$ cat run28.pdb   # PDB, C-alpha atoms
MODEL        1
ATOM      1  CA  MET A   1     -13.122  29.812 -28.300
ATOM      2  CA  LYS A   2     -11.050  32.281 -26.357
ATOM      3  CA  ARG A   3     -12.278  35.783 -25.859
ATOM      4  CA  ARG A   4      -9.996  38.393 -27.388
ATOM      5  CA  VAL A   5      -8.666  41.244 -25.297
ATOM      6  CA  MET A   6      -7.103  44.461 -26.543
ATOM      7  CA  ILE A   7      -4.685  45.949 -23.990
ATOM      8  CA  VAL A   8      -4.285  49.724 -24.052
ATOM      9  CA  ASP A   9      -1.493  50.790 -21.714
ATOM     10  CA  ASP A  10       1.781  52.672 -22.128
ATOM     11  CA  SER A  11       3.413  50.584 -19.394
ATOM     12  CA  ARG A  12       5.396  47.517 -20.431
ATOM     13  CA  LEU A  13       5.181  46.317 -16.842
ATOM     14  CA  VAL A  14       1.383  46.305 -16.877
ATOM     15  CA  ARG A  15       1.259  44.763 -20.339
ATOM     16  CA  VAL A  16       3.401  41.830 -19.117
ATOM     17  CA  GLN A  17       1.284  41.491 -15.960
ATOM     18  CA  LEU A  18      -1.908  41.377 -18.004
ATOM     19  CA  GLU A  19      -0.423  38.794 -20.359
ATOM     20  CA  ASP A  20       0.608  36.694 -17.335
ATOM     21  CA  ALA A  21      -2.819  37.028 -15.736
ATOM     22  CA  LEU A  22      -4.591  35.927 -18.914
ATOM     23  CA  ALA A  23      -2.287  32.994 -19.674
ATOM     24  CA  GLY A  24      -4.146  29.697 -19.316
ATOM     25  CA  THR A  25      -7.547  31.380 -19.069
ATOM     26  CA  ASP A  26     -10.433  31.736 -21.508
ATOM     27  CA  TYR A  27      -8.934  35.031 -22.691
ATOM     28  CA  GLU A  28      -6.131  35.851 -25.106
ATOM     29  CA  VAL A  29      -4.367  39.081 -25.945
ATOM     30  CA  ALA A  30      -5.520  40.114 -29.406
ATOM     31  CA  ALA A  31      -3.648  43.403 -29.631
ATOM     32  CA  TYR A  32      -1.532  45.738 -27.612
ATOM     33  CA  CYS A  33      -1.777  49.521 -27.998
ATOM     34  CA  ARG A  34       0.517  51.987 -26.259
ATOM     35  CA  SER A  35      -1.856  54.952 -26.521
ATOM     36  CA  GLY A  36      -5.501  55.921 -26.661
ATOM     37  CA  GLU A  37      -5.014  57.246 -30.190
ATOM     38  CA  ASP A  38      -3.617  53.877 -31.298
ATOM     39  CA  ALA A  39      -6.558  52.065 -29.683
ATOM     40  CA  ILE A  40      -9.112  54.245 -31.493
ATOM     41  CA  ALA A  41      -7.335  53.691 -34.815
ATOM     42  CA  ARG A  42      -7.110  49.902 -34.388
ATOM     43  CA  TYR A  43     -10.358  49.015 -32.609
ATOM     44  CA  ALA A  44     -12.393  48.168 -35.730
ATOM     45  CA  GLU A  45      -9.595  46.137 -37.271
ATOM     46  CA  VAL A  46      -8.928  44.137 -34.069
ATOM     47  CA  ALA A  47     -12.623  43.822 -33.111
ATOM     48  CA  PRO A  48     -11.849  42.631 -29.568
ATOM     49  CA  ASP A  49     -14.382  41.150 -27.173
ATOM     50  CA  LEU A  50     -12.982  43.342 -24.405
ATOM     51  CA  VAL A  51     -10.630  46.299 -23.998
ATOM     52  CA  THR A  52      -8.484  47.032 -20.939
ATOM     53  CA  MET A  53      -7.781  50.760 -20.892
ATOM     54  CA  ASP A  54      -5.217  52.588 -18.769
ATOM     55  CA  ILE A  55      -6.318  56.064 -17.713
ATOM     56  CA  ILE A  56      -3.176  58.153 -17.432
ATOM     57  CA  MET A  57      -1.160  57.797 -20.638
ATOM     58  CA  GLN A  58       1.022  59.974 -22.812
ATOM     59  CA  GLY A  59      -1.277  61.950 -25.109
ATOM     60  CA  MET A  60      -4.995  61.262 -24.887
ATOM     61  CA  ASP A  61      -6.293  60.098 -21.512
ATOM     62  CA  GLY A  62      -7.863  56.637 -21.385
ATOM     63  CA  ILE A  63     -11.345  57.841 -20.484
ATOM     64  CA  ASP A  64     -11.422  60.181 -23.497
ATOM     65  CA  ALA A  65     -10.200  57.341 -25.717
ATOM     66  CA  ALA A  66     -12.846  54.987 -24.294
ATOM     67  CA  GLU A  67     -15.548  57.581 -24.901
ATOM     68  CA  ILE A  68     -14.570  57.924 -28.564
ATOM     69  CA  ILE A  69     -14.474  54.140 -29.046
ATOM     70  CA  LEU A  70     -17.875  53.773 -27.396
ATOM     71  CA  LYS A  71     -19.383  56.507 -29.602
ATOM     72  CA  GLU A  72     -18.183  54.692 -32.704
ATOM     73  CA  HIS A  73     -18.800  51.187 -31.328
ATOM     74  CA  PRO A  74     -21.588  51.301 -28.704
ATOM     75  CA  ASP A  75     -21.253  47.558 -28.048
ATOM     76  CA  ALA A  76     -17.590  47.845 -27.044
ATOM     77  CA  ARG A  77     -16.814  46.395 -23.610
ATOM     78  CA  ILE A  78     -14.172  48.517 -21.911
ATOM     79  CA  VAL A  79     -12.619  47.953 -18.488
ATOM     80  CA  MET A  80     -10.502  50.736 -17.008
ATOM     81  CA  VAL A  81      -7.208  49.649 -15.387
ATOM     82  CA  SER A  82      -5.409  52.239 -13.309
ATOM     83  CA  SER A  83      -3.234  52.711 -10.248
ATOM     84  CA  LEU A  84      -4.702  56.098  -9.412
ATOM     85  CA  ALA A  85      -8.440  55.848  -8.995
ATOM     86  CA  TYR A  86     -10.612  58.324  -7.139
ATOM     87  CA  GLU A  87     -14.370  58.432  -6.919
ATOM     88  CA  ASP A  88     -14.608  61.193  -9.532
ATOM     89  CA  THR A  89     -12.558  59.038 -11.908
ATOM     90  CA  PHE A  90     -14.862  56.054 -11.332
ATOM     91  CA  GLU A  91     -17.852  58.315 -11.906
ATOM     92  CA  ARG A  92     -16.420  59.748 -15.132
ATOM     93  CA  ALA A  93     -15.635  56.242 -16.388
ATOM     94  CA  ARG A  94     -19.105  54.958 -15.521
ATOM     95  CA  LYS A  95     -20.752  57.944 -17.240
ATOM     96  CA  ILE A  96     -19.046  57.284 -20.562
ATOM     97  CA  GLY A  97     -20.031  53.610 -20.386
ATOM     98  CA  ALA A  98     -16.986  51.769 -19.046
ATOM     99  CA  ARG A  99     -18.005  48.326 -17.822
ATOM    100  CA  GLY A 100     -15.616  47.963 -14.906
ATOM    101  CA  PHE A 101     -12.609  49.167 -13.008
ATOM    102  CA  VAL A 102      -9.435  47.331 -11.923
ATOM    103  CA  ASP A 103      -6.713  48.710  -9.634
ATOM    104  CA  LYS A 104      -3.018  48.203 -10.399
ATOM    105  CA  PRO A 105      -1.389  45.986  -9.338
ATOM    106  CA  PHE A 106      -4.179  43.446  -9.716
ATOM    107  CA  TYR A 107      -4.779  39.849  -8.773
ATOM    108  CA  GLN A 108      -5.753  37.431 -11.547
ATOM    109  CA  GLU A 109      -9.030  36.447  -9.890
ATOM    110  CA  GLN A 110     -10.005  40.087  -9.408
ATOM    111  CA  LEU A 111      -9.252  40.817 -13.054
ATOM    112  CA  LEU A 112     -11.193  37.824 -14.356
ATOM    113  CA  LYS A 113     -14.179  38.649 -12.157
ATOM    114  CA  VAL A 114     -14.362  42.159 -13.599
ATOM    115  CA  PHE A 115     -13.975  40.752 -17.136
ATOM    116  CA  GLU A 116     -16.847  38.326 -16.595
ATOM    117  CA  GLU A 117     -19.068  41.105 -15.272
ATOM    118  CA  ALA A 118     -18.132  43.360 -18.194
ATOM    119  CA  LEU A 119     -19.060  40.679 -20.708
ATOM    120  CA  ALA A 120     -22.268  39.557 -18.972
TER
ATOM    121  CA  MET B   1     -13.610  64.232   7.847
ATOM    122  CA  ASN B   2     -10.024  63.866   8.968
ATOM    123  CA  SER B   3      -7.841  65.589   6.371
ATOM    124  CA  THR B   4      -4.478  64.896   7.965
ATOM    125  CA  LEU B   5      -2.384  61.820   8.555
ATOM    126  CA  THR B   6      -0.067  61.301  11.467
ATOM    127  CA  GLN B   7       3.448  60.210  10.634
ATOM    128  CA  GLU B   8       2.670  56.799  12.102
ATOM    129  CA  GLU B   9      -0.376  56.378   9.837
ATOM    130  CA  LEU B  10       1.567  57.498   6.792
ATOM    131  CA  GLU B  11       4.452  55.135   7.583
ATOM    132  CA  ARG B  12       1.970  52.281   7.858
ATOM    133  CA  ILE B  13       0.420  53.146   4.481
ATOM    134  CA  LEU B  14       3.824  53.428   2.812
ATOM    135  CA  ASN B  15       5.161  50.225   4.335
ATOM    136  CA  GLN B  16       2.096  48.212   3.364
ATOM    137  CA  ALA B  17       2.197  49.548  -0.195
ATOM    138  CA  VAL B  18       5.925  48.876  -0.636
ATOM    139  CA  GLN B  19       5.697  45.294   0.538
ATOM    140  CA  ASP B  20       2.502  44.469  -1.358
ATOM    141  CA  VAL B  21       3.310  46.185  -4.662
ATOM    142  CA  THR B  22       6.886  44.871  -4.731
ATOM    143  CA  GLU B  23       5.827  41.297  -4.200
ATOM    144  CA  ARG B  24       2.934  41.495  -6.642
ATOM    145  CA  THR B  25       4.740  43.304  -9.442
ATOM    146  CA  ALA B  26       8.248  41.894  -9.088
ATOM    147  CA  GLY B  27       7.976  38.751  -6.993
ATOM    148  CA  VAL B  28      10.459  40.141  -4.468
ATOM    149  CA  ARG B  29       9.785  40.099  -0.732
ATOM    150  CA  LEU B  30      11.142  43.116   1.086
ATOM    151  CA  HIS B  31      11.303  43.298   4.846
ATOM    152  CA  GLN B  32      12.002  46.314   6.971
ATOM    153  CA  GLU B  33      15.603  46.233   8.104
ATOM    154  CA  ASP B  34      18.085  48.920   9.008
ATOM    155  CA  MET B  35      20.408  48.362   6.059
ATOM    156  CA  SER B  36      21.183  51.193   3.647
ATOM    157  CA  PRO B  37      21.736  50.602  -0.081
ATOM    158  CA  GLY B  38      25.365  50.326  -1.239
ATOM    159  CA  GLU B  39      27.208  52.741  -3.522
ATOM    160  CA  ASP B  40      25.805  51.418  -6.795
ATOM    161  CA  MET B  41      22.280  52.695  -6.490
ATOM    162  CA  CYS B  42      19.483  54.342  -8.456
ATOM    163  CA  THR B  43      16.822  56.800  -7.378
ATOM    164  CA  VAL B  44      13.234  57.285  -8.500
ATOM    165  CA  GLN B  45      11.283  60.232  -7.249
ATOM    166  CA  ILE B  46       7.850  61.835  -7.424
ATOM    167  CA  THR B  47       6.280  64.946  -5.946
ATOM    168  CA  PHE B  48       2.641  65.159  -4.958
ATOM    169  CA  ASP B  49       1.474  68.377  -6.573
ATOM    170  CA  LYS B  50      -2.114  68.498  -5.341
ATOM    171  CA  GLY B  51      -3.463  67.784  -1.917
ATOM    172  CA  PHE B  52      -0.227  66.664  -0.306
ATOM    173  CA  HIS B  53       2.815  68.827  -0.981
ATOM    174  CA  THR B  54       5.378  66.169  -0.223
ATOM    175  CA  SER B  55       7.821  63.994  -2.164
ATOM    176  CA  LEU B  56       8.593  60.310  -2.163
ATOM    177  CA  THR B  57      12.042  59.100  -3.134
ATOM    178  CA  LEU B  58      13.124  55.497  -3.555
ATOM    179  CA  CYS B  59      16.877  54.885  -3.382
ATOM    180  CA  ALA B  60      17.665  51.254  -4.137
ATOM    181  CA  ASP B  61      20.624  49.072  -4.933
ATOM    182  CA  THR B  62      20.894  48.806  -8.707
ATOM    183  CA  SER B  63      21.108  45.033  -8.308
ATOM    184  CA  LEU B  64      17.775  44.985  -6.482
ATOM    185  CA  LEU B  65      16.013  47.022  -9.167
ATOM    186  CA  TYR B  66      17.660  44.850 -11.819
ATOM    187  CA  ARG B  67      16.410  41.696 -10.106
ATOM    188  CA  MET B  68      12.902  43.139  -9.826
ATOM    189  CA  ALA B  69      12.935  44.248 -13.478
ATOM    190  CA  CYS B  70      14.117  40.837 -14.704
ATOM    191  CA  ASN B  71      11.376  39.121 -12.704
ATOM    192  CA  SER B  72       8.705  41.489 -13.948
ATOM    193  CA  PHE B  73       9.685  41.458 -17.616
ATOM    194  CA  HIS B  74      10.589  37.732 -17.616
ATOM    195  CA  GLU B  75      14.040  38.531 -18.996
ATOM    196  CA  GLU B  76      17.452  37.283 -17.891
ATOM    197  CA  MET B  77      19.353  40.271 -19.252
ATOM    198  CA  LEU B  78      18.225  43.841 -19.520
ATOM    199  CA  GLU B  79      19.514  47.002 -21.136
ATOM    200  CA  PRO B  80      20.061  50.090 -18.966
ATOM    201  CA  GLU B  81      17.001  51.723 -20.507
ATOM    202  CA  ASP B  82      14.911  48.705 -19.456
ATOM    203  CA  LEU B  83      16.001  49.254 -15.862
ATOM    204  CA  GLU B  84      14.957  52.893 -16.048
ATOM    205  CA  GLU B  85      11.633  51.994 -17.683
ATOM    206  CA  PHE B  86      10.879  49.363 -15.060
ATOM    207  CA  SER B  87      11.901  51.592 -12.138
ATOM    208  CA  LYS B  88       9.635  54.406 -13.272
ATOM    209  CA  GLU B  89       6.671  52.116 -13.984
ATOM    210  CA  TYR B  90       7.071  50.242 -10.691
ATOM    211  CA  PHE B  91       7.302  53.497  -8.733
ATOM    212  CA  ASN B  92       4.315  54.895 -10.611
ATOM    213  CA  VAL B  93       2.203  51.912  -9.549
ATOM    214  CA  LEU B  94       3.576  52.096  -6.003
ATOM    215  CA  CYS B  95       2.814  55.801  -5.663
ATOM    216  CA  GLY B  96      -0.623  55.301  -7.196
ATOM    217  CA  ARG B  97      -1.345  52.733  -4.520
ATOM    218  CA  ILE B  98      -0.047  55.092  -1.836
ATOM    219  CA  ALA B  99      -2.092  58.013  -3.174
ATOM    220  CA  GLY B 100      -5.187  55.811  -3.207
ATOM    221  CA  ALA B 101      -4.614  54.761   0.408
ATOM    222  CA  MET B 102      -4.040  58.374   1.454
ATOM    223  CA  PHE B 103      -7.300  59.291  -0.263
ATOM    224  CA  GLN B 104      -9.127  56.534   1.608
ATOM    225  CA  ALA B 105      -7.786  57.927   4.872
ATOM    226  CA  THR B 106      -8.273  61.636   4.242
ATOM    227  CA  GLN B 107     -10.719  62.026   1.291
ATOM    228  CA  VAL B 108      -8.123  64.338  -0.255
ATOM    229  CA  PRO B 109      -6.995  63.331  -3.763
ATOM    230  CA  ALA B 110      -3.227  63.385  -4.181
ATOM    231  CA  HIS B 111      -1.910  63.764  -7.721
ATOM    232  CA  PHE B 112       1.715  63.366  -8.698
ATOM    233  CA  ASN B 113       3.963  63.980 -11.654
ATOM    234  CA  PRO B 114       5.488  61.048 -13.612
ATOM    235  CA  PRO B 115       8.449  59.535 -11.734
ATOM    236  CA  ALA B 116      11.959  60.819 -12.477
ATOM    237  CA  PHE B 117      14.867  58.363 -12.577
ATOM    238  CA  TYR B 118      18.474  59.069 -11.600
ATOM    239  CA  ARG B 119      21.635  56.989 -11.469
ATOM    240  CA  GLY B 120      23.074  57.312  -7.971
ATOM    241  CA  ARG B 121      21.480  59.105  -5.053
ATOM    242  CA  PHE B 122      19.296  62.124  -5.723
ATOM    243  CA  GLU B 123      18.152  64.566  -3.060
ATOM    244  CA  PRO B 124      15.297  66.873  -4.096
ATOM    245  CA  GLU B 125      16.078  70.564  -3.646
ATOM    246  CA  GLY B 126      14.198  72.658  -1.115
ATOM    247  CA  ARG B 127      13.020  69.634   0.798
ATOM    248  CA  GLU B 128      14.095  67.837   3.894
ATOM    249  CA  VAL B 129      13.750  64.298   5.053
ATOM    250  CA  GLN B 130      10.872  63.636   7.402
ATOM    251  CA  PHE B 131      11.350  59.890   7.722
ATOM    252  CA  VAL B 132      12.988  56.959   5.986
ATOM    253  CA  LEU B 133      11.740  53.381   5.647
ATOM    254  CA  THR B 134      14.588  50.944   5.011
ATOM    255  CA  TYR B 135      14.238  47.532   3.391
ATOM    256  CA  SER B 136      16.276  44.569   2.295
ATOM    257  CA  ASN B 137      15.618  41.308   0.521
ATOM    258  CA  GLU B 138      16.966  37.793   0.989
ATOM    259  CA  TYR B 139      20.113  38.720  -1.008
ATOM    260  CA  ASN B 140      20.908  41.627   1.310
ATOM    261  CA  GLU B 141      20.075  44.149  -1.391
ATOM    262  CA  GLY B 142      18.712  47.304   0.115
ATOM    263  CA  ALA B 143      16.254  50.086  -0.588
ATOM    264  CA  GLN B 144      15.106  53.214   1.203
ATOM    265  CA  LEU B 145      11.766  54.951   0.769
ATOM    266  CA  ILE B 146      12.262  58.546   1.850
ATOM    267  CA  HIS B 147       9.438  60.939   2.665
ATOM    268  CA  HIS B 148      10.435  64.555   2.022
ATOM    269  CA  VAL B 149       8.557  67.657   3.073
ATOM    270  CA  PRO B 150       9.132  71.264   1.988
ATOM    271  CA  CYS B 151      11.882  72.795   4.151
ATOM    272  CA  ALA B 152       9.797  75.654   5.474
ATOM    273  CA  GLN B 153       6.675  73.604   6.107
ATOM    274  CA  GLN B 154       7.835  70.581   8.038
ATOM    275  CA  ASP B 155       5.023  69.845  10.446
ATOM    276  CA  GLU B 156       4.354  67.282  13.047
ATOM    277  CA  ASP B 157       1.682  65.883  10.705
ATOM    278  CA  ALA B 158       3.252  64.077   7.761
ATOM    279  CA  GLY B 159       0.359  64.463   5.355
ATOM    280  CA  ASP B 160      -0.776  67.853   6.509
ATOM    281  CA  ILE B 161      -2.581  69.629   3.714
ATOM    282  CA  SER B 162      -1.552  73.157   3.012
TER
ENDMDL
END
$ encode --input "run28.pdb" --output "structure tokens"
Amino acid sequence: MKRRVMIVDDSRLVRVQLEDALAGTDYEVAAYCRSGEDAIARYAEVAPDLVTMDIIMQGMDGIDAAEIILKEHPDARIVMVSSLAYEDTFERARKIGARGFVDKPFYQEQLLKVFEEALA
Amino acid sequence: MNSTLTQEELERILNQAVQDVTERTAGVRLHQEDMSPGEDMCTVQITFDKGFHTSLTLCADTSLLYRMACNSFHEEMLEPEDLEEFSKEYFNVLCGRIAGAMFQATQVPAHFNPPAFYRGRFEPEGREVQFVLTYSNEYNEGAQLIHHVPCAQQDEDAGDIS
């Protein structure tokens, strides 16, 4: 059975790239959210195996959204996906319990490796 | 800790990012060539507002951006707003990559505002061109990545931190 991924990103470009990268793999896109607020509202209903979370989005930032999801659902597996990643961002993401970090633009193998580690 | 970049180092970072991000996001290979975009062009632009007080401007043939957007979105036809959306998202990823590489080189984080999109050529006010990287693809569509610095602060060091 495929593992279900919820994509949280306000970029159509990244959404398409993630869909392409997951095509033909053991993962499928279960839901797509354009904001952190949307992801928080829909997490329980979608019940994904994994969440990919952009950091810089309109409205709530992805790390704040991930923190709220993890407070409500401590077993959530969240991987941050961002083009602008500094050490303090990594540190903040790790502190709130994010399971991995992927740079944009990403390679499929890099993405899948981080997913596997996040789900281990 | 070296907190400045020479122009040569910055050009190398920019060139590597342009070629890599363009191929990976849009499946288009750009090579450096001295060929300016034509008259039908679009501009996307960002300003680094922390760390590096410079601007990056991409002026590209509309047909090139259209080709890249179609490839990226897997569409044969796009609306004008799709072209703008793609151009801003592509440039956001490109500048994120550049900012990350500048951070690796200098340990200075560079933040930037969301990209602005313009039809035609746009020249940011109060800034002057420090250098231009010029590209074309196999269809002779062109693009220029322009590095602007504040008029009063143009230094010999491209990424000098003020």
$ resolve_selection --input "run28.pdb" --expression "the ChimeraX specification (/A :<8) & /B" --output "list in words"
Val21, Arg24, Thr25, Ser72, Phe73, Phe86, Glu89, Tyr90, Asn92, Val93, Gly96, Arg97, Ala99, Gly100, Phe103 and Pro109 of chain B
$ resolve_selection --input "run28.pdb" --expression "the PyMOL selection byres ((chain B and resi 121) around 12)" --output "PyMOL selection string"
chain B and resi 36-45+57-62+117-120+122-124+143-144+146
$ atom_distance --input "run28.pdb" --atom1 "atom CA of B:Leu145" --atom2 "atom CA of B:Thr54"
12.9 Å
$ axis_aligned_box --input "run28.pdb" --around "stretch 22-25 of chain A" --padding-each-side "4 Å" --output "lines of an AutoDock Vina configuration file"
center_x = -4.9
center_y = 32.8
center_z = -19.3
size_x = 13.3
size_y = 14.2
size_z = 8.8
$ atom_distance --input "run28.pdb" --atom1 "atom CA of B:Gln7" --atom2 "atom CA of B:Val28"
26.1 Å
$ closest_residue --input "run28.pdb" --among "A:Ala23, A:Gly59, A:Gln110, A:Leu18" --to "A:Glu37" --atoms "all atoms listed in the file"
A:Gly59
$ residues_around --input "run28.pdb" --residues "A:Lys113" --least-positions-apart "6" --cutoff "12 Å" --atoms "all atoms listed in the file" --output "count of residues only"
9
$ decode --input "run28.pdb" --residues "stretch 30-83 of chain A" --atoms "C-alpha atoms" --output "PDB file, in the first residue's frame"
ATOM      1  CA  ALA A  30      -3.130  12.454  -0.500  1.00  0.00           C
ATOM      2  CA  ALA A  31      -3.839  16.169  -0.244  1.00  0.00           C
ATOM      3  CA  TYR A  32      -2.505  19.506  -1.288  1.00  0.00           C
ATOM      4  CA  CYS A  33      -2.714  22.559   0.983  1.00  0.00           C
ATOM      5  CA  ARG A  34      -1.698  26.059  -0.062  1.00  0.00           C
ATOM      6  CA  SER A  35      -1.162  27.362   3.475  1.00  0.00           C
ATOM      7  CA  GLY A  36      -0.169  26.341   6.970  1.00  0.00           C
ATOM      8  CA  GLU A  37      -3.649  27.223   8.217  1.00  0.00           C
ATOM      9  CA  ASP A  38      -5.203  24.893   5.631  1.00  0.00           C
ATOM     10  CA  ALA A  39      -2.813  22.096   6.635  1.00  0.00           C
ATOM     11  CA  ILE A  40      -3.715  22.423  10.327  1.00  0.00           C
ATOM     12  CA  ALA A  41      -7.430  22.378   9.496  1.00  0.00           C
ATOM     13  CA  ARG A  42      -7.176  19.316   7.227  1.00  0.00           C
ATOM     14  CA  TYR A  43      -4.516  17.178   8.916  1.00  0.00           C
ATOM     15  CA  ALA A  44      -6.891  14.998  10.967  1.00  0.00           C
ATOM     16  CA  GLU A  45      -9.252  14.452   8.060  1.00  0.00           C
ATOM     17  CA  VAL A  46      -6.449  13.526   5.614  1.00  0.00           C
ATOM     18  CA  ALA A  47      -4.423  11.538   8.185  1.00  0.00           C
ATOM     19  CA  PRO A  48      -1.309  11.405   5.982  1.00  0.00           C
ATOM     20  CA  ASP A  49       1.708   9.204   6.616  1.00  0.00           C
ATOM     21  CA  LEU A  50       3.969  12.165   5.875  1.00  0.00           C
ATOM     22  CA  VAL A  51       3.709  15.926   5.399  1.00  0.00           C
ATOM     23  CA  THR A  52       5.989  18.056   3.216  1.00  0.00           C
ATOM     24  CA  MET A  53       5.903  21.597   4.574  1.00  0.00           C
ATOM     25  CA  ASP A  54       7.189  24.741   2.875  1.00  0.00           C
ATOM     26  CA  ILE A  55       8.607  27.304   5.290  1.00  0.00           C
ATOM     27  CA  ILE A  56       7.968  30.703   3.756  1.00  0.00           C
ATOM     28  CA  MET A  57       4.295  30.962   2.803  1.00  0.00           C
ATOM     29  CA  GLN A  58       1.611  33.611   2.755  1.00  0.00           C
ATOM     30  CA  GLY A  59       0.163  33.824   6.266  1.00  0.00           C
ATOM     31  CA  MET A  60       1.487  31.402   8.860  1.00  0.00           C
ATOM     32  CA  ASP A  61       5.070  30.229   8.395  1.00  0.00           C
ATOM     33  CA  GLY A  62       5.590  26.504   7.831  1.00  0.00           C
ATOM     34  CA  ILE A  63       7.531  25.911  11.036  1.00  0.00           C
ATOM     35  CA  ASP A  64       4.736  27.449  13.129  1.00  0.00           C
ATOM     36  CA  ALA A  65       2.187  25.328  11.260  1.00  0.00           C
ATOM     37  CA  ALA A  66       4.292  22.189  11.795  1.00  0.00           C
ATOM     38  CA  GLU A  67       4.591  22.963  15.497  1.00  0.00           C
ATOM     39  CA  ILE A  68       0.813  23.235  15.873  1.00  0.00           C
ATOM     40  CA  ILE A  69       0.241  19.985  13.957  1.00  0.00           C
ATOM     41  CA  LEU A  70       2.835  18.197  16.075  1.00  0.00           C
ATOM     42  CA  LYS A  71       1.252  19.465  19.314  1.00  0.00           C
ATOM     43  CA  GLU A  72      -2.108  18.084  18.236  1.00  0.00           C
ATOM     44  CA  HIS A  73      -0.688  14.975  16.540  1.00  0.00           C
ATOM     45  CA  PRO A  74       2.660  14.040  18.150  1.00  0.00           C
ATOM     46  CA  ASP A  75       3.100  11.105  15.753  1.00  0.00           C
ATOM     47  CA  ALA A  76       2.952  13.328  12.664  1.00  0.00           C
ATOM     48  CA  ARG A  77       5.956  12.959  10.353  1.00  0.00           C
ATOM     49  CA  ILE A  78       6.821  16.333   8.859  1.00  0.00           C
ATOM     50  CA  VAL A  79       9.598  17.110   6.383  1.00  0.00           C
ATOM     51  CA  MET A  80      10.428  20.754   5.717  1.00  0.00           C
ATOM     52  CA  VAL A  81      10.950  21.706   2.045  1.00  0.00           C
ATOM     53  CA  SER A  82      12.441  25.109   1.374  1.00  0.00           C
ATOM     54  CA  SER A  83      14.709  27.032  -0.969  1.00  0.00           C
TER      55      SER A  83
END
